[in-house]
file entry11.tsv (TSV, C-alpha atoms)
chain	number	residue	atom	x	y	z
X	1	MET	CA	203.65	90.33	41.12
X	2	ILE	CA	201.88	91.97	44.09
X	3	LYS	CA	204.99	94.04	44.86
X	4	PHE	CA	205.19	95.19	41.22
X	5	THR	CA	201.50	96.15	41.15
X	6	PHE	CA	201.82	98.13	44.40
X	7	SER	CA	204.88	99.96	43.10
X	8	PHE	CA	203.09	100.84	39.87
X	9	LEU	CA	200.11	102.21	41.80
X	10	LEU	CA	202.41	104.34	43.93
X	11	PHE	CA	204.10	105.68	40.81
X	12	PHE	CA	200.77	106.35	39.09
X	13	THR	CA	199.44	108.17	42.18
X	14	SER	CA	202.56	110.30	42.44
X	15	VAL	CA	202.23	111.29	38.77
X	16	LEU	CA	198.62	112.39	39.35
X	17	CYS	CA	199.70	114.45	42.34
X	18	LEU	CA	202.38	116.16	40.30
X	19	GLN	CA	199.89	116.95	37.57
X	20	ALA	CA	197.42	118.61	39.96
X	21	GLU	CA	199.02	122.04	40.13
X	22	GLN	CA	198.13	124.19	43.15
X	23	LEU	CA	199.15	127.77	43.86
X	24	TYR	CA	198.24	129.92	46.86
X	25	VAL	CA	198.00	133.72	46.75
X	26	ASN	CA	197.98	135.89	49.86
X	27	PRO	CA	198.38	139.67	49.38
X	28	GLN	CA	199.35	140.21	53.03
X	29	THR	CA	201.87	137.45	53.76
X	30	GLY	CA	202.85	136.36	50.25
X	31	HIS	CA	205.82	137.18	48.04
X	32	ASP	CA	206.04	136.64	44.30
X	33	ALA	CA	209.46	134.97	44.70
X	34	ASN	CA	207.91	132.25	46.88
X	35	SER	CA	207.09	128.73	45.76
X	36	GLY	CA	203.34	129.29	45.83
X	37	LEU	CA	202.79	126.51	48.34
X	38	LYS	CA	200.23	127.04	51.11
X	39	THR	CA	203.03	127.77	53.57
X	40	HIS	CA	204.87	130.05	51.11
X	41	PRO	CA	202.17	131.83	49.09
X	42	LEU	CA	202.55	134.22	46.20
X	43	LYS	CA	201.55	137.84	46.63
X	44	THR	CA	199.68	138.49	43.37
X	45	LEU	CA	197.29	136.70	41.05
X	46	ALA	CA	199.32	138.08	38.14
X	47	GLU	CA	202.35	136.06	39.23
X	48	ALA	CA	200.20	132.95	39.60
X	49	ALA	CA	198.98	133.44	36.03
X	50	ARG	CA	202.54	133.76	34.72
X	51	ARG	CA	203.45	130.43	36.33
X	52	VAL	CA	200.32	128.72	35.08
X	53	ASN	CA	200.91	129.95	31.53
X	54	SER	CA	204.47	128.59	31.51
X	55	ASN	CA	203.64	125.16	32.96
X	56	LYS	CA	203.16	122.74	30.07
X	57	GLU	CA	202.58	119.68	32.26
X	58	GLN	CA	199.12	118.24	31.64
X	59	GLY	CA	196.58	118.30	34.45
X	60	ALA	CA	194.30	120.51	36.46
X	61	THR	CA	195.29	123.77	38.14
X	62	THR	CA	193.79	125.38	41.23
X	63	ILE	CA	194.70	128.88	42.39
X	64	PHE	CA	193.58	129.61	45.95
X	65	LEU	CA	193.03	133.24	46.94
X	66	SER	CA	193.14	134.12	50.63
X	67	GLU	CA	190.82	136.61	52.27
X	68	GLY	CA	191.96	140.21	51.93
X	69	ILE	CA	192.20	142.71	49.08
X	70	HIS	CA	193.69	141.46	45.82
X	71	LEU	CA	194.66	144.53	43.82
X	72	LEU	CA	194.90	143.95	40.06
X	73	THR	CA	197.27	146.55	38.60
X	74	GLU	CA	197.46	144.65	35.31
X	75	THR	CA	194.99	142.48	33.42
X	76	VAL	CA	195.50	138.88	34.55
X	77	VAL	CA	195.45	136.86	31.33
X	78	PHE	CA	195.46	133.05	31.21
X	79	THR	CA	196.65	131.61	27.88
X	80	ASN	CA	197.71	128.01	28.63
X	81	ASP	CA	194.85	126.20	26.90
X	82	LYS	CA	195.63	122.71	28.19
X	83	TYR	CA	192.53	122.10	30.26
X	84	SER	CA	189.53	119.79	29.89
X	85	PHE	CA	186.06	119.62	31.41
X	86	LYS	CA	187.40	117.41	34.24
X	87	ASN	CA	190.92	118.83	34.53
X	88	ARG	CA	190.06	122.51	34.87
X	89	LEU	CA	191.68	125.82	35.65
X	90	VAL	CA	190.05	126.86	38.94
X	91	ILE	CA	190.48	130.29	40.54
X	92	ARG	CA	188.77	130.15	43.90
X	93	ALA	CA	188.62	131.38	47.47
X	94	VAL	CA	190.26	129.33	50.18
X	95	VAL	CA	186.92	129.39	52.03
X	96	ILE	CA	183.77	129.28	49.90
X	97	PRO	CA	180.20	130.23	50.91
X	98	ASP	CA	179.06	126.66	51.58
X	99	ASP	CA	181.87	126.01	54.09
X	100	ALA	CA	180.69	125.96	57.69
X	101	ASP	CA	183.19	128.62	58.82
X	102	TRP	CA	182.50	131.03	55.92
X	103	THR	CA	181.54	134.64	56.61
X	104	PRO	CA	181.23	137.53	54.11
X	105	GLN	CA	184.46	138.96	55.50
X	106	LYS	CA	186.34	135.86	54.34
X	107	MET	CA	185.59	136.48	50.68
X	108	PRO	CA	188.70	137.57	48.77
X	109	VAL	CA	188.01	141.06	47.39
X	110	VAL	CA	189.32	141.59	43.84
X	111	VAL	CA	189.77	145.27	42.92
X	112	THR	CA	190.63	146.19	39.32
X	113	VAL	CA	192.86	149.28	39.04
X	114	VAL	CA	194.30	148.31	35.66
X	115	PRO	CA	195.48	151.23	33.50
X	116	LEU	CA	192.69	152.08	31.09
X	117	LEU	CA	193.11	151.20	27.43
X	118	PRO	CA	191.20	152.54	24.41
X	119	GLY	CA	188.07	150.55	23.63
X	120	VAL	CA	184.81	150.87	21.74
X	121	GLY	CA	183.16	154.06	22.92
X	122	GLY	CA	185.77	155.02	25.46
X	123	GLU	CA	188.29	153.25	27.67
X	124	GLU	CA	188.32	149.82	29.28
X	125	ALA	CA	189.86	148.18	32.34
X	126	LYS	CA	189.78	144.36	32.33
X	127	GLY	CA	190.47	142.32	35.46
X	128	ILE	CA	190.68	138.54	35.07
X	129	GLN	CA	190.83	137.44	31.43
X	130	PRO	CA	190.71	133.64	30.91
X	131	GLU	CA	191.60	133.14	27.24
X	132	VAL	CA	191.30	129.37	27.69
X	133	SER	CA	188.44	126.90	27.87
X	134	HIS	CA	187.30	124.96	30.95
X	135	VAL	CA	187.66	127.57	33.68
X	136	THR	CA	185.94	127.94	37.06
X	137	ILE	CA	185.94	131.17	39.10
X	138	GLU	CA	184.50	130.52	42.54
X	139	GLY	CA	183.78	132.29	45.80
X	140	LEU	CA	185.28	135.72	45.02
X	141	ARG	CA	184.00	139.26	45.56
X	142	PHE	CA	184.59	141.80	42.79
X	143	THR	CA	184.24	145.56	43.14
X	144	GLY	CA	183.78	148.37	40.67
X	145	SER	CA	186.50	150.76	39.54
X	146	PRO	CA	187.59	153.67	41.77
X	147	ASP	CA	187.32	156.05	38.83
X	148	TYR	CA	184.71	158.11	37.02
X	149	SER	CA	182.77	156.30	34.30
X	150	TYR	CA	181.88	159.50	32.43
X	151	ILE	CA	184.35	160.94	29.92
X	152	ASP	CA	182.10	162.93	27.61
X	153	VAL	CA	178.74	162.61	25.90
X	154	ASN	CA	180.00	159.83	23.59
X	155	ASN	CA	182.59	158.00	25.69
X	156	LEU	CA	182.73	156.09	28.97
X	157	ARG	CA	185.26	154.32	31.14
X	158	ARG	CA	184.20	150.72	31.68
X	159	SER	CA	185.28	148.24	34.33
X	160	TYR	CA	185.05	144.53	33.48
X	161	PRO	CA	186.10	142.31	36.44
X	162	ILE	CA	185.83	139.16	34.28
X	163	TRP	CA	186.32	139.35	30.51
X	164	ARG	CA	186.74	136.62	27.89
X	165	ASP	CA	187.62	137.66	24.34
X	166	GLY	CA	187.93	134.40	22.38
X	167	LYS	CA	184.84	133.71	20.29
X	168	SER	CA	185.54	129.97	20.00
X	169	LEU	CA	186.29	129.35	23.69
X	170	ASP	CA	183.94	127.19	25.76
X	171	ASP	CA	183.02	126.34	29.35
X	172	LEU	CA	183.45	129.28	31.75
X	173	LEU	CA	181.74	128.68	35.11
X	174	VAL	CA	181.38	131.67	37.45
X	175	THR	CA	179.88	130.42	40.69
X	176	GLN	CA	179.20	131.76	44.19
X	177	CYS	CA	180.75	135.14	43.34
X	178	LEU	CA	179.61	138.58	44.50
X	179	PHE	CA	179.87	141.64	42.25
X	180	ALA	CA	179.28	144.92	44.07
X	181	GLY	CA	179.45	148.41	42.60
X	182	ASN	CA	178.10	151.91	43.03
X	183	VAL	CA	177.03	154.19	40.21
X	184	ASP	CA	178.60	157.26	41.82
X	185	VAL	CA	181.86	156.13	43.43
X	186	MET	CA	182.66	152.54	42.33
X	187	PRO	CA	181.04	152.04	38.91
X	188	LEU	CA	180.99	148.44	37.71
X	189	HIS	CA	179.98	148.39	34.05
X	190	VAL	CA	179.60	144.62	33.52
X	191	GLY	CA	180.37	141.93	36.10
X	192	VAL	CA	181.01	139.17	33.54
X	193	ILE	CA	181.27	139.72	29.78
X	194	ALA	CA	182.28	136.74	27.69
X	195	ASN	CA	182.54	135.87	24.04
X	196	GLY	CA	182.39	132.22	23.09
X	197	TYR	CA	180.24	129.40	24.43
X	198	GLY	CA	179.26	127.78	27.70
X	199	LEU	CA	179.15	130.79	30.00
X	200	VAL	CA	177.48	129.56	33.19
X	201	ILE	CA	176.47	132.06	35.90
X	202	ASP	CA	175.59	130.02	38.97
X	203	HIS	CA	174.59	131.20	42.46
X	204	CYS	CA	176.05	134.67	41.98
X	205	VAL	CA	174.99	138.04	43.42
X	206	PHE	CA	175.17	141.29	41.42
X	207	PHE	CA	174.60	144.34	43.61
X	208	ASN	CA	174.34	147.84	42.09
X	209	CYS	CA	176.21	146.98	38.87
X	210	LYS	CA	175.29	148.70	35.62
X	211	ASN	CA	174.92	145.30	33.92
X	212	PRO	CA	175.52	141.97	35.66
X	213	VAL	CA	176.37	139.78	32.69
X	214	VAL	CA	176.66	140.01	28.91
X	215	PHE	CA	176.46	136.81	26.85
X	216	TRP	CA	178.50	138.19	23.97
X	217	LYS	CA	179.64	137.00	20.52
X	218	THR	CA	180.62	133.59	19.10
X	219	ASP	CA	182.46	132.49	15.99
X	220	GLY	CA	179.24	131.02	14.57
X	221	GLY	CA	180.17	127.43	15.33
X	222	THR	CA	178.85	125.11	18.03
X	223	GLY	CA	179.56	124.84	21.72
X	224	SER	CA	178.08	124.32	25.16
X	225	PRO	CA	174.87	126.18	26.09
X	226	ASN	CA	174.84	129.37	28.16
X	227	VAL	CA	173.24	129.21	31.60
X	228	MET	CA	172.12	131.67	34.28
X	229	ARG	CA	170.65	130.08	37.39
X	230	TYR	CA	170.04	130.73	41.11
X	231	SER	CA	171.45	134.26	40.84
X	232	LEU	CA	170.34	137.49	42.50
X	233	VAL	CA	170.50	140.76	40.55
X	234	TYR	CA	169.66	143.85	42.59
X	235	GLY	CA	169.91	147.54	41.79
X	236	CYS	CA	171.41	147.18	38.33
X	237	TYR	CA	170.88	150.52	36.66
X	238	PHE	CA	170.82	149.42	33.01
X	239	SER	CA	169.89	145.76	32.63
X	240	GLY	CA	169.40	142.52	34.52
X	241	VAL	CA	170.70	140.33	31.70
X	242	TRP	CA	172.04	141.15	28.22
X	243	THR	CA	171.86	138.74	25.30
X	244	THR	CA	173.01	139.10	21.70
X	245	GLN	CA	172.19	137.54	18.35
X	246	SER	CA	174.85	134.93	19.21
X	247	THR	CA	173.04	133.90	22.41
X	248	ASN	CA	171.11	130.87	21.17
X	249	GLY	CA	167.72	131.01	22.83
X	250	GLU	CA	166.99	127.33	22.34
X	251	ASN	CA	170.06	126.41	24.41
X	252	PHE	CA	169.93	129.24	26.96
X	253	ASP	CA	168.97	127.83	30.36
X	254	PHE	CA	167.61	130.69	32.51
X	255	HIS	CA	165.92	129.71	35.78
X	256	HIS	CA	165.62	130.45	39.51
X	257	ASN	CA	166.92	134.00	39.10
X	258	ILE	CA	165.80	137.18	40.87
X	259	ILE	CA	166.10	140.55	39.10
X	260	ALA	CA	164.86	143.38	41.31
X	261	ASN	CA	165.02	147.15	41.66
X	262	SER	CA	166.62	147.39	38.24
X	263	SER	CA	165.99	149.57	35.19
X	264	THR	CA	165.32	146.92	32.54
X	265	VAL	CA	165.09	143.20	33.18
X	266	TRP	CA	166.24	141.92	29.77
X	267	ILE	CA	168.27	143.80	27.14
X	268	ARG	CA	168.68	142.38	23.63
X	269	GLU	CA	171.22	143.48	21.07
X	270	LYS	CA	169.57	145.67	18.47
X	271	GLY	CA	168.41	143.56	15.55
X	272	SER	CA	168.19	140.35	17.57
X	273	THR	CA	165.28	138.07	16.78
X	274	ARG	CA	166.13	135.34	19.28
X	275	GLN	CA	163.43	133.82	21.47
X	276	TYR	CA	164.09	132.98	25.14
X	277	LYS	CA	162.42	131.33	28.13
X	278	ALA	CA	162.66	132.27	31.80
X	279	SER	CA	161.30	129.79	34.32
X	280	ASP	CA	160.83	129.87	38.10
X	281	CYS	CA	162.03	133.48	38.46
X	282	LEU	CA	161.13	136.74	40.18
X	283	PHE	CA	161.24	140.06	38.32
X	284	ALA	CA	160.28	142.90	40.66
X	285	ASP	CA	160.41	146.71	40.84
X	286	PHE	CA	161.63	147.24	37.28
X	287	THR	CA	160.99	150.14	34.89
X	288	ASN	CA	160.95	148.07	31.68
X	289	LEU	CA	160.65	144.33	31.28
X	290	ALA	CA	162.54	144.39	27.99
X	291	GLY	CA	164.64	146.72	25.89
X	292	TYR	CA	167.17	147.02	23.10
X	293	GLY	CA	170.75	148.21	23.49
X	294	SER	CA	173.91	148.31	21.40
X	295	GLY	CA	176.37	150.51	23.28
X	296	PRO	CA	177.13	152.28	26.53
X	297	LEU	CA	174.98	155.34	25.79
X	298	SER	CA	172.44	153.83	23.40
X	299	GLY	CA	169.61	153.79	25.89
X	300	ASN	CA	167.30	150.93	26.82
X	301	ASP	CA	164.43	151.56	24.44
X	302	ALA	CA	161.23	149.86	25.52
X	303	THR	CA	160.29	147.03	23.20
X	304	ALA	CA	157.82	144.19	22.83
X	305	THR	CA	158.20	141.30	25.23
X	306	ASP	CA	156.88	138.52	23.01
X	307	PHE	CA	160.44	137.20	22.58
X	308	LEU	CA	160.41	136.09	26.24
X	309	LYS	CA	158.29	133.15	27.32
X	310	MET	CA	157.83	133.22	31.08
X	311	GLU	CA	156.88	130.12	33.05
X	312	ASN	CA	156.15	130.48	36.78
X	313	VAL	CA	157.62	134.01	36.88
X	314	GLN	CA	156.41	136.47	39.54
X	315	THR	CA	156.45	140.17	38.56
X	316	THR	CA	155.04	141.85	41.69
X	317	GLY	CA	156.31	142.54	45.17
X	318	THR	CA	159.34	144.15	46.78
X	319	VAL	CA	162.63	142.38	47.41
X	320	LYS	CA	164.41	143.15	50.68
X	321	ILE	CA	168.21	142.99	50.95
X	322	GLU	CA	170.15	142.31	54.15
X	323	LYS	CA	172.42	145.30	54.92
X	324	ASP	CA	173.84	144.09	58.26
X	325	GLN	CA	177.48	143.10	57.60
X	326	SER	CA	177.49	140.77	60.61
X	327	LYS	CA	174.89	138.55	58.97
X	328	ARG	CA	175.84	135.57	56.85
X	329	ASN	CA	173.38	136.68	54.17
X	330	TYR	CA	174.81	140.21	53.85
X	331	LEU	CA	173.86	141.75	50.45
X	332	GLN	CA	171.57	138.80	49.80
X	333	LEU	CA	167.87	138.33	50.44
X	334	ALA	CA	166.83	139.46	53.91
X	335	GLU	CA	165.06	136.92	56.04
X	336	GLY	CA	161.40	136.75	55.05
X	337	SER	CA	161.86	138.56	51.71
X	338	ILE	CA	159.80	137.46	48.76
X	339	GLY	CA	161.75	135.16	46.47
X	340	SER	CA	163.40	133.18	49.28
X	341	ASN	CA	161.82	130.00	47.93
X	342	LEU	CA	163.91	130.31	44.75
X	343	LYS	CA	167.18	129.73	46.64
X	344	ALA	CA	168.93	132.43	44.61
X	345	GLY	CA	172.17	133.74	46.11
X	346	LEU	CA	175.61	132.54	47.10
X	347	PHE	CA	174.63	129.38	48.95
X	348	LYS	CA	174.16	126.08	47.14
X	349	LYS	CA	173.19	124.15	50.27
X	350	ASP	CA	171.58	124.88	53.61
X	351	LEU	CA	173.95	124.70	56.57
call {"tool": "encode", "arguments": {"input": "entry11.tsv", "output": "structure tokens"}}
result
Amino acid sequence: MIKFTFSFLLFFTSVLCLQAEQLYVNPQTGHDANSGLKTHPLKTLAEAARRVNSNKEQGATTIFLSEGIHLLTETVVFTNDKYSFKNRLVIRAVVIPDDADWTPQKMPVVVTVVPLLPGVGGEEAKGIQPEVSHVTIEGLRFTGSPDYSYIDVNNLRRSYPIWRDGKSLDDLLVTQCLFAGNVDVMPLHVGVIANGYGLVIDHCVFFNCKNPVVFWKTDGGTGSPNVMRYSLVYGCYFSGVWTTQSTNGENFDFHHNIIANSSTVWIREKGSTRQYKASDCLFADFTNLAGYGSGPLSGNDATATDFLKMENVQTTGTVKIEKDQSKRNYLQLAEGSIGSNLKAGLFKKDL
């Protein structure tokens, strides 16, 4: 009986191991004909997505991205909707910010150079597109597009590093990621824009993006709440956060965020009547606290702020950013800056 039980446990363990799919991607040493094992990595995230989409075996999937530049020449779409809250699709760095040997230079850099396609009010380039529920994106650095955003007075080119289209999808966690753009040479229109439910922005940094995150449309049903927490938004030249009529204020958890040196702190979709609460935050050096917007060139019209209840929110002072690339906190709060007590930024724990 003991021998039978031990054999069953070995079989059960081996099945679990088979179900936990792992793929490694290294743009320098990898090849898309490889197995995807750590010793024989793939070259592109696009190839990893093709393998994930074709694997019908139940279980979690983790895609590990090495340090280096990951060039996306096509939108990387995930369509294999087999995941659950516990058995997730995870796209992550090999070394994440809380690891003892992490440095900013070890962050995988994801650059979207996808051919532009017609969109609303111009053209769009989408990077990673998870059209499945229960996804985690962790420890990656995303850049803007090496192209001009301006087309003409009515049309723009927009770069979306992370985009989710499905209005009924749920549970997208973006954590410990850095989004860095430049209005003149590397415009990043929106770091994360997601339809559906359960978009969680956790310990992320948005540096010089036009908009960091847009909590977009739903199908009108029910799903997990949206969350933005412990994140640093600096230098965003349109908004610090964008909500729509679909962003349920009662279930929107917004706390321990810093929005500084930005045009407008909070943009609402025109016509929205939702009420929101921000707690334990810092809003500093902004032009407008609130505004309305409905398109890329619609403007951020100043509006009443009575929709936003603020609890323990500081609105004065100047945030200082660390610009020394040798420092662990590069592009995060400089030592001694106001707001340090909020613990906003890439690190979830003190090392």
call {"tool": "closest_residue", "arguments": {"input": "entry11.tsv", "among": "X:Asp101, X:Leu289, X:Thr143, X:Val200", "to": "Phe252 of chain X", "atoms": "all atoms listed in the file"}}
result
X:Val200
call {"tool": "closest_residue", "arguments": {"input": "entry11.tsv", "among": "X:Leu173, X:Leu89, X:Leu156, X:Leu342", "to": "Leu116 of chain X", "atoms": "all atoms listed in the file"}}
result
X:Leu156
call {"tool": "closest_residue", "arguments": {"input": "entry11.tsv", "among": "X:Arg274, X:His189, X:Arg141, X:Lys167", "to": "Gly221 of chain X", "atoms": "all atoms listed in the file"}}
result
X:Lys167
call {"tool": "residues_near_point", "arguments": {"input": "entry11.tsv", "point": "(200.7, 135.9, 39.7)", "cutoff": "10 Å", "atoms": "all atoms listed in the file", "output": "number ranges by chain"}}
result
X: 23-25, 31-32, 36, 42-52, 63, 72, 76-77
call {"tool": "residues_around", "arguments": {"input": "entry11.tsv", "residues": "His256 of chain X", "least_positions_apart": "6", "cutoff": "12 Å", "atoms": "only C-alpha atoms", "output": "JSON, numbers by chain"}}
result
{"X": [201, 202, 203, 204, 227, 228, 229, 230, 231, 232, 233, 277, 278, 279, 280, 281, 282, 283, 310, 311, 312, 313, 314, 339, 340, 341, 342, 343, 344, 345]}
call {"tool": "write_last_selection", "arguments": {"input": "entry11.tsv", "atoms": "C-alpha atoms", "output": "short mmCIF file (atom, residue, chain, number, x, y, z; two decimals), keeping the file's coordinate frame"}}
result
data_model
loop_
_atom_site.label_atom_id
_atom_site.label_comp_id
_atom_site.auth_asym_id
_atom_site.auth_seq_id
_atom_site.Cartn_x
_atom_site.Cartn_y
_atom_site.Cartn_z
CA ILE X 201 176.47 132.06 35.90
CA ASP X 202 175.59 130.02 38.97
CA HIS X 203 174.59 131.20 42.46
CA CYS X 204 176.05 134.67 41.98
CA VAL X 227 173.24 129.21 31.60
CA MET X 228 172.12 131.67 34.28
CA ARG X 229 170.65 130.08 37.39
CA TYR X 230 170.04 130.73 41.11
CA SER X 231 171.45 134.26 40.84
CA LEU X 232 170.34 137.49 42.50
CA VAL X 233 170.50 140.76 40.55
CA LYS X 277 162.42 131.33 28.13
CA ALA X 278 162.66 132.27 31.80
CA SER X 279 161.30 129.79 34.32
CA ASP X 280 160.83 129.87 38.10
CA CYS X 281 162.03 133.48 38.46
CA LEU X 282 161.13 136.74 40.18
CA PHE X 283 161.24 140.06 38.32
CA MET X 310 157.83 133.22 31.08
CA GLU X 311 156.88 130.12 33.05
CA ASN X 312 156.15 130.48 36.78
CA VAL X 313 157.62 134.01 36.88
CA GLN X 314 156.41 136.47 39.54
CA GLY X 339 161.75 135.16 46.47
CA SER X 340 163.40 133.18 49.28
CA ASN X 341 161.82 130.00 47.93
CA LEU X 342 163.91 130.31 44.75
CA LYS X 343 167.18 129.73 46.64
CA ALA X 344 168.93 132.43 44.61
CA GLY X 345 172.17 133.74 46.11
#
call {"tool": "atom_distance", "arguments": {"input": "entry11.tsv", "atom1": "atom CA of Val109 of chain X", "atom2": "atom CA of Arg88 of chain X"}}
result
22.5 Å
call {"tool": "residues_around", "arguments": {"input": "entry11.tsv", "residues": "Phe286 of chain X", "least_positions_apart": "3", "cutoff": "12 Å", "atoms": "all atoms listed in the file", "output": "NGL selection string"}}
result
:X and (233-240 or 258-266 or 282-283 or 289-291 or 315-319)
call {"tool": "write_last_selection", "arguments": {"input": "entry11.tsv", "atoms": "C-alpha atoms", "output": "CSV table (one decimal), in the frame of the given file"}}
result
chain,number,residue,atom,x,y,z
X,233,VAL,CA,170.5,140.8,40.6
X,234,TYR,CA,169.7,143.8,42.6
X,235,GLY,CA,169.9,147.5,41.8
X,236,CYS,CA,171.4,147.2,38.3
X,237,TYR,CA,170.9,150.5,36.7
X,238,PHE,CA,170.8,149.4,33.0
X,239,SER,CA,169.9,145.8,32.6
X,240,GLY,CA,169.4,142.5,34.5
X,258,ILE,CA,165.8,137.2,40.9
X,259,ILE,CA,166.1,140.6,39.1
X,260,ALA,CA,164.9,143.4,41.3
X,261,ASN,CA,165.0,147.2,41.7
X,262,SER,CA,166.6,147.4,38.2
X,263,SER,CA,166.0,149.6,35.2
X,264,THR,CA,165.3,146.9,32.5
X,265,VAL,CA,165.1,143.2,33.2
X,266,TRP,CA,166.2,141.9,29.8
X,282,LEU,CA,161.1,136.7,40.2
X,283,PHE,CA,161.2,140.1,38.3
X,289,LEU,CA,160.6,144.3,31.3
X,290,ALA,CA,162.5,144.4,28.0
X,291,GLY,CA,164.6,146.7,25.9
X,315,THR,CA,156.4,140.2,38.6
X,316,THR,CA,155.0,141.8,41.7
X,317,GLY,CA,156.3,142.5,45.2
X,318,THR,CA,159.3,144.2,46.8
X,319,VAL,CA,162.6,142.4,47.4
call {"tool": "residues_around", "arguments": {"input": "entry11.tsv", "residues": "Ala125 of chain X", "least_positions_apart": "6", "cutoff": "10 Å", "atoms": "only C-alpha atoms", "output": "list of chain:residue names"}}
result
X:Thr73, X:Glu74, X:Thr75, X:Thr112, X:Val113, X:Val114, X:Pro115, X:Leu116, X:Leu117, X:Pro118, X:Gly119, X:Ser145, X:Arg157, X:Arg158, X:Ser159, X:Tyr160, X:Pro161, X:Trp163
call {"tool": "closest_residue", "arguments": {"input": "entry11.tsv", "among": "X:Pro27, X:Pro225, X:Gly191, X:Gly196", "to": "Val213 of chain X", "atoms": "only C-alpha atoms"}}
result
X:Gly191
call {"tool": "atom_distance", "arguments": {"input": "entry11.tsv", "atom1": "atom CA of Tyr330 of chain X", "atom2": "atom CA of Phe179 of chain X"}}
result
12.7 Å
call {"tool": "atom_distance", "arguments": {"input": "entry11.tsv", "atom1": "atom CA of Asn80 of chain X", "atom2": "atom CA of Pro41 of chain X"}}
result
21.3 Å
call {"tool": "residues_around", "arguments": {"input": "entry11.tsv", "residues": "Glu21 of chain X", "least_positions_apart": "3", "cutoff": "12 Å", "atoms": "only C-alpha atoms", "output": "number ranges by chain"}}
result
X: 15-18, 24, 35-37, 48, 51-53, 55-64, 83, 87-91
call {"tool": "residues_around", "arguments": {"input": "entry11.tsv", "residues": "Pro187 of chain X", "least_positions_apart": "3", "cutoff": "9 Å", "atoms": "all atoms listed in the file", "output": "list in words"}}
result
Thr143, Gly144, Ser145, Pro146, Asp147, Tyr148, Ser149, Arg158, Ser159, Ala180, Gly181, Asn182, Val183, Asp184, Asn208, Cys209 and Lys210 of chain X
call {"tool": "closest_residue", "arguments": {"input": "entry11.tsv", "among": "X:Gly139, X:Phe307, X:Phe207, X:Asp152", "to": "Met186 of chain X", "atoms": "all atoms listed in the file"}}
result
X:Phe207
call {"tool": "closest_residue", "arguments": {"input": "entry11.tsv", "among": "X:Ile267, X:Leu140, X:Ile321, X:Ala20", "to": "Leu308 of chain X", "atoms": "only C-alpha atoms"}}
result
X:Ile267
call {"tool": "residues_near_point", "arguments": {"input": "entry11.tsv", "point": "(187.1, 141.4, 26.1)", "cutoff": "8 Å", "atoms": "only C-alpha atoms", "output": "tab-separated table (two decimals) with C-alpha atoms, in the frame of the given file"}}
result
chain	number	residue	atom	x	y	z
X	126	LYS	CA	189.78	144.36	32.33
X	129	GLN	CA	190.83	137.44	31.43
X	163	TRP	CA	186.32	139.35	30.51
X	164	ARG	CA	186.74	136.62	27.89
X	165	ASP	CA	187.62	137.66	24.34
X	166	GLY	CA	187.93	134.40	22.38
X	193	ILE	CA	181.27	139.72	29.78
X	194	ALA	CA	182.28	136.74	27.69
X	195	ASN	CA	182.54	135.87	24.04
